[in-house]
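Have a look at the structure below before the remarks.
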Amino acid sequence: MTVADSVRRPTDACRYAQIAEHGLIGDLRTAALVDTSGTIDWYCPVRFDAPSVFASILDADRGGSFRLTPEVPARTKQFYFPDTNILITRFFADDGVAEVQDFMPIVDNSREAERHRLIRRVLCVRGSLPFTARVAPRFDYARQSHTVRAEEGLTIFECPELSLALTSSVTVETDGADVVSTFKLVEGEAAVFALDRIGGTVQPRHCPQAEAEELFDATVCYWRRWLSQSRYRGRWREMVHRSALTLKLLTYAPTGAIVAAPTTSLPEQIGGERNWDYRYVWVRDAAFCIYALLRLGFTQEAEAFVRFLSEDINFDDGPGGPLQIMYGIDGRSEIPEQMLPHLEGHQGSSPVRVGNAAVHQLQLDIYGALVDSLYLYDKWGQPLASDHWDTVSDAVCWVCDNWDQPDMSVWETRSGPQYFLYSQLMCWVAIERGMRIARHRGLPADMARWSKARDDIYRRIMRSGWSPRRRAFVQREGEEVLDASVLMMPLSKFISPTDPKWLSTLDALGEELVSDSLVYRYDPRVSPDGLRGEEGTFSICSFWYVEALSRAGRVDDARLAFEKMLTYANHVGLYAEEIGRTGEQIGNFPQAFTHLALISAAFNLDRALG
């Protein structure tokens with residue numbers, strides 16, 4: 001894998017690291033972004049959706065950060081310790097070479113699972129280097145002030161709702177609300193910083209170098225042991241495994257929930273308003289994640305997600321049916337959206353939002369994603385329990401009665417409900433996969449009712465979703481707008497990948513929505529979505545395109561498109577939600593949607609290549 005090679009930014013040259021200039025670390029409860037200069041500029045202690053303490057990626061002045069960089073000019077390279085989620089940032093200066101190892105130990109329930117420790121080890125490997133550290137927390141999205149006090153060699157940052165303890169093997173000094181340290185390391189020397197969430201049964205504790213090394217080794221063992229379960233042996237093993245490790249990082253271990261991304265409000269257009277909070281469980285995204293992980297042989301994550309559905313989610317018969325489109329990582333159904341006007345947003349992209357008002361939208365496609373993932377879990381994992389089947393059966397019956405409603409569909413438009421082809425397609429999937437499970441397991445089902453609804457959807461799509469003039473399947477009834485979501489038609493086995501109507505659609509999509517293998521969702525100029533501004537290409541669609549090409553027999557085209565798409569990954573193999581006009585990553589980062597689609601595309605392209 002290519003590693004980043006960039007000159008350290010002067011402090012007055014650029015206030016923000018680009019979205020792509022980051023790696024991700026985490027402990028299956030929360031995560032942090034570390035940029036290529038050695039600064040943690042996004043971190044929410046304890047859990048993904050908690051208020052941030054480091055958020056300089058959203059406001060370089062007010063957000064707070066944990067900076068740990070040489071005092072002299074240095075080139076940097078960043079990479080992951082092989083087969084792990086431990087991030088290494090290396091510094092190359094005239095007088096020496098050093099590295100910062102960033103990680104969060106994975107601690108089981110018997111060993112202080114509530115501590116939530118973030119460790120930063122600095123090692124000088126050649127010559128000598130002077131370093132500066134500044135720990136500048138800004139609690140509650142920089143809305144709460146805090147106190148700083150020294151206590152038995154520790155530094156305690158405290159606000160009414162949260163306390164953090166910093167321990168360091170080098171001397172630190174208080175500077176207002178921050179803590180700073182200046183130190184020099186020579187070859188073979190190391191320094192350790194550890195930041196712990198404390199309170200309740202978790203008391204402040206030092207993290208000596210020996211313990212840090214022990215936790216480093218244990219964390220390496222954890223990630224390598226987990227990754228060893230992968231059955232993937234194909235051509236793109238390194239990228240597939242990095243994507244799998246990323247999806248695992250987005251898992252909330254206490255419940256089995258999977259977040260769409262660990263960040264909020266990273267813009268889909270620099271300076272624009274398309275800024276959303278993705279630190280929640282989208283039923284669709286999580287279900288697709290389960291599909292990707294099951295493909296690779298990771299069944300425990302599927303079992304945990306099924307438990308989350310059965311134990312933490314309340315299946316009510318609300319306006320959107322028994323399911324909402326998203327939930328909190330603890331299963332809560334209310335995720336109120338608010339704006340944080342005191343934060344300027346990444347590179348001035350406002351507003352900054354927390355919570356998500358789309359939670360109560362009607363998006364019918366989620367039922368297809370969910371039932372399909374449960375069908376695969378039943379096939380490749382464990383047979384569905386009787387209670388699970390009752391839930392699936394009720395959901396399929398609801399879809400039979402409601403599939404022909406207008407909705408907001410997969411892209412969560414804010415321009416009013418429409419009759420989207422994708423939603424009808426995924427309702428077809430929900431019913432068809434439910435019928436497969438019932439037949440395979442001999443389970444009770446109203447087959448006559450289900451079969452009629454499934455066939456009605458098929459006929460409606462073939463009649464109203466096809467445009468004779470465009471010679472393509474279109475976004476919604478009554479319009480002739482193209483939409484990349486129809487790429488799921490052959491992937492979901494609704495239509496043969498070599499059907500003439502589908503091949504004509506694939507050609508139309510390639511001509512209108514594809515640019516150098518990158519795929520736009522749709523053109524907002526001809527399909528207004530209720531928001532101002534433009535967006536980049538949507539990376540999940542780019543990988544869907546690869547898979548559709550390979551299934552259509554256009555294997556050479558698929559392989560070239562896939563290889564091109566790999567060049568848009570950042571230096572450690574991560575993808576945001578979208579890619580901008582000049583190849584930059586935009587949107588929340590890293591995005592589960594993108595990485596799960598990469599896995600699926602690689603798996604199917606490998607099979608097509610033989």
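Identifiers in the structure tokens: chain A, B, ... in order shown; residue index from 1 per chain; ligand index from 1 in order shown.
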
Neighbours of Ile586 (chain A) within 6 Å (only C-alpha atoms; same-chain residues fewer than 5 positions away dropped), as a VMD selection string? chain A and resid 268 576 578 to 579

Using DSSP assignments from the backbone, pull out every residue in region 92-300 of chain A that falls under strand (DSSP E or B) and give it to me as JSON, numbers by chain. {"A": [92, 93, 96, 97, 98, 99, 100, 101, 102, 103, 117, 118, 119, 120, 121, 122, 123, 124, 125, 126, 127, 128, 129, 130, 131, 132, 133, 134, 135, 136, 144, 147, 148, 149, 150, 151, 154, 155, 156, 157, 158, 159, 162, 163, 164, 165, 166, 167, 168, 173, 174, 175, 178, 179, 180, 181, 182, 183, 184, 185, 186, 190, 191, 192, 193, 194, 195, 196, 197, 198, 199, 202, 251, 252, 257, 258, 264, 277, 281, 282]}

Which residues, written as a list in words, have at least one atom at most 8 Å from Arg120 (chain A), with only C-alpha atoms counted and residues fewer than 5 positions away on the same chain left out? Val100, Gln101, Asp102, Phe103, Val192, Phe193 and Ala194 of chain A

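Residues surrounding Ala548 (chain A) within 7 Å are Leu487, Pro490, Leu491, Trp544, Tyr545, Val546, Ser550, Arg551 and Ala552 of chain A [only C-alpha atoms; sequence separation below 2 positions excluded].
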
Based on the selection just made, write C-alpha atoms of those residues as a CSV table (one decimal), in the first residue's frame.
chain,number,residue,atom,x,y,z
A,487,LEU,CA,-27.5,-0.6,-10.3
A,490,PRO,CA,-29.1,-7.2,-11.2
A,491,LEU,CA,-27.2,-7.2,-7.9
A,544,TRP,CA,-22.0,-1.1,-7.5
A,545,TYR,CA,-21.0,-0.1,-11.1
A,546,VAL,CA,-18.0,-2.4,-10.9
A,550,SER,CA,-18.6,-7.9,-13.9
A,551,ARG,CA,-22.0,-9.6,-13.7
A,552,ALA,CA,-22.8,-8.4,-17.2

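Within region 16-222 of chain A, DSSP run on the backbone puts these residues in alpha helix (DSSP H): Phe139, Asp140, Tyr141, Ala142, Gln209, Ala210, Glu211, Ala212, Glu213, Glu214, Leu215, Phe216, Asp217, Ala218, Thr219, Val220, Cys221 and Tyr222 of chain A.
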
Residues at most 12 Å from Gln78 (chain A), counting only C-alpha atoms, excluding those fewer than 2 positions away in the same chain, as a ChimeraX atom specification? /A:1-6,20-24,34-38,75-76,80-81,86-92,98-102,570-573

One decimal, Å: what's the distance from CA of Arg67 (chain A) over to CA of Val53 (chain A), could you say? 13.2 Å

Give me, please, the distance in Å between CA of Pro468 (chain A) and CA of Val399 (chain A), quoted to one decimal. 28.5 Å

Near His595 (chain A), within 10 Å and counting only C-alpha atoms, which residues show up once chain neighbours fewer than 6 positions away are dropped, as a list in words? Met239, Val240, His241, Arg242, Ser243, Ala244, Leu245, Thr246, Leu247, Cys289, Ala292, Ser539, Ile540, Phe543, Gly573, Leu574, Tyr575, Ala576, Glu577 and Ala601 of chain A

Would you export the selected residues with N, CA and C atoms as a PDB file, in the first residue's frame, please?
ATOM      1  N   MET A 239      -6.669  -4.504   0.407  1.00  0.00           N
ATOM      2  CA  MET A 239      -7.734  -3.507   0.445  1.00  0.00           C
ATOM      3  C   MET A 239      -9.011  -4.081   1.054  1.00  0.00           C
ATOM      4  N   VAL A 240      -9.315  -5.327   0.746  1.00  0.00           N
ATOM      5  CA  VAL A 240     -10.508  -5.961   1.318  1.00  0.00           C
ATOM      6  C   VAL A 240     -10.371  -6.085   2.824  1.00  0.00           C
ATOM      7  N   HIS A 241      -9.208  -6.494   3.289  1.00  0.00           N
ATOM      8  CA  HIS A 241      -9.011  -6.638   4.727  1.00  0.00           C
ATOM      9  C   HIS A 241      -8.987  -5.281   5.434  1.00  0.00           C
ATOM     10  N   ARG A 242      -8.453  -4.266   4.781  1.00  0.00           N
ATOM     11  CA  ARG A 242      -8.517  -2.931   5.402  1.00  0.00           C
ATOM     12  C   ARG A 242      -9.968  -2.475   5.513  1.00  0.00           C
ATOM     13  N   SER A 243     -10.765  -2.781   4.501  1.00  0.00           N
ATOM     14  CA  SER A 243     -12.181  -2.431   4.573  1.00  0.00           C
ATOM     15  C   SER A 243     -12.884  -3.208   5.678  1.00  0.00           C
ATOM     16  N   ALA A 244     -12.548  -4.489   5.826  1.00  0.00           N
ATOM     17  CA  ALA A 244     -13.154  -5.287   6.900  1.00  0.00           C
ATOM     18  C   ALA A 244     -12.761  -4.745   8.269  1.00  0.00           C
ATOM     19  N   LEU A 245     -11.496  -4.399   8.437  1.00  0.00           N
ATOM     20  CA  LEU A 245     -11.042  -3.823   9.708  1.00  0.00           C
ATOM     21  C   LEU A 245     -11.757  -2.498   9.990  1.00  0.00           C
ATOM     22  N   THR A 246     -12.018  -1.737   8.938  1.00  0.00           N
ATOM     23  CA  THR A 246     -12.722  -0.466   9.109  1.00  0.00           C
ATOM     24  C   THR A 246     -14.167  -0.697   9.537  1.00  0.00           C
ATOM     25  N   LEU A 247     -14.847  -1.641   8.889  1.00  0.00           N
ATOM     26  CA  LEU A 247     -16.217  -1.957   9.285  1.00  0.00           C
ATOM     27  C   LEU A 247     -16.270  -2.437  10.735  1.00  0.00           C
ATOM     28  N   CYS A 289     -23.663  -4.016   5.686  1.00  0.00           N
ATOM     29  CA  CYS A 289     -22.410  -4.387   6.360  1.00  0.00           C
ATOM     30  C   CYS A 289     -22.402  -5.863   6.723  1.00  0.00           C
ATOM     31  N   ALA A 292     -21.621  -7.944   3.759  1.00  0.00           N
ATOM     32  CA  ALA A 292     -20.200  -7.927   3.389  1.00  0.00           C
ATOM     33  C   ALA A 292     -19.371  -8.777   4.352  1.00  0.00           C
ATOM     34  N   SER A 539     -19.332   7.001  -3.702  1.00  0.00           N
ATOM     35  CA  SER A 539     -18.410   5.878  -3.850  1.00  0.00           C
ATOM     36  C   SER A 539     -19.083   4.514  -3.803  1.00  0.00           C
ATOM     37  N   ILE A 540     -20.172   4.367  -3.044  1.00  0.00           N
ATOM     38  CA  ILE A 540     -20.851   3.067  -3.071  1.00  0.00           C
ATOM     39  C   ILE A 540     -21.376   2.786  -4.475  1.00  0.00           C
ATOM     40  N   PHE A 543     -18.657   1.385  -6.748  1.00  0.00           N
ATOM     41  CA  PHE A 543     -18.407  -0.045  -6.562  1.00  0.00           C
ATOM     42  C   PHE A 543     -19.586  -0.890  -7.044  1.00  0.00           C
ATOM     43  N   GLY A 573      -5.865   3.541   2.828  1.00  0.00           N
ATOM     44  CA  GLY A 573      -6.900   2.678   2.284  1.00  0.00           C
ATOM     45  C   GLY A 573      -8.310   3.014   2.720  1.00  0.00           C
ATOM     46  N   LEU A 574      -8.543   4.239   3.176  1.00  0.00           N
ATOM     47  CA  LEU A 574      -9.867   4.620   3.659  1.00  0.00           C
ATOM     48  C   LEU A 574     -10.586   5.511   2.644  1.00  0.00           C
ATOM     49  N   TYR A 575     -11.925   5.431   2.687  1.00  0.00           N
ATOM     50  CA  TYR A 575     -12.766   6.225   1.805  1.00  0.00           C
ATOM     51  C   TYR A 575     -13.799   6.996   2.619  1.00  0.00           C
ATOM     52  N   ALA A 576     -14.044   8.234   2.193  1.00  0.00           N
ATOM     53  CA  ALA A 576     -15.196   8.974   2.688  1.00  0.00           C
ATOM     54  C   ALA A 576     -16.422   8.539   1.887  1.00  0.00           C
ATOM     55  N   GLU A 577     -17.503   9.287   2.068  1.00  0.00           N
ATOM     56  CA  GLU A 577     -18.739   8.961   1.364  1.00  0.00           C
ATOM     57  C   GLU A 577     -18.651   9.280  -0.120  1.00  0.00           C
ATOM     58  N   ALA A 601     -17.728  -5.808  -4.300  1.00  0.00           N
ATOM     59  CA  ALA A 601     -17.220  -5.699  -5.674  1.00  0.00           C
ATOM     60  C   ALA A 601     -15.987  -6.573  -5.874  1.00  0.00           C
TER      61      ALA A 601
END

Excluding region 210-223 of chain A and residues on its chain fewer than 5 positions from it, collect all residues at most 8 Å away from it, counting only C-alpha atoms, and give them as a VMD selection string. chain A and resid 83 to 86 103 to 106 119 121 192

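The space between CA of Pro497 (chain A) and CA of Glu238 (chain A) spans 28.3 Å.
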
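Shortest separation to Ile57 (chain A) among A:Arg15, A:Lys452, A:Arg117, A:Arg521 occurs at residue A:Arg15, atoms counted being only C-alpha atoms.
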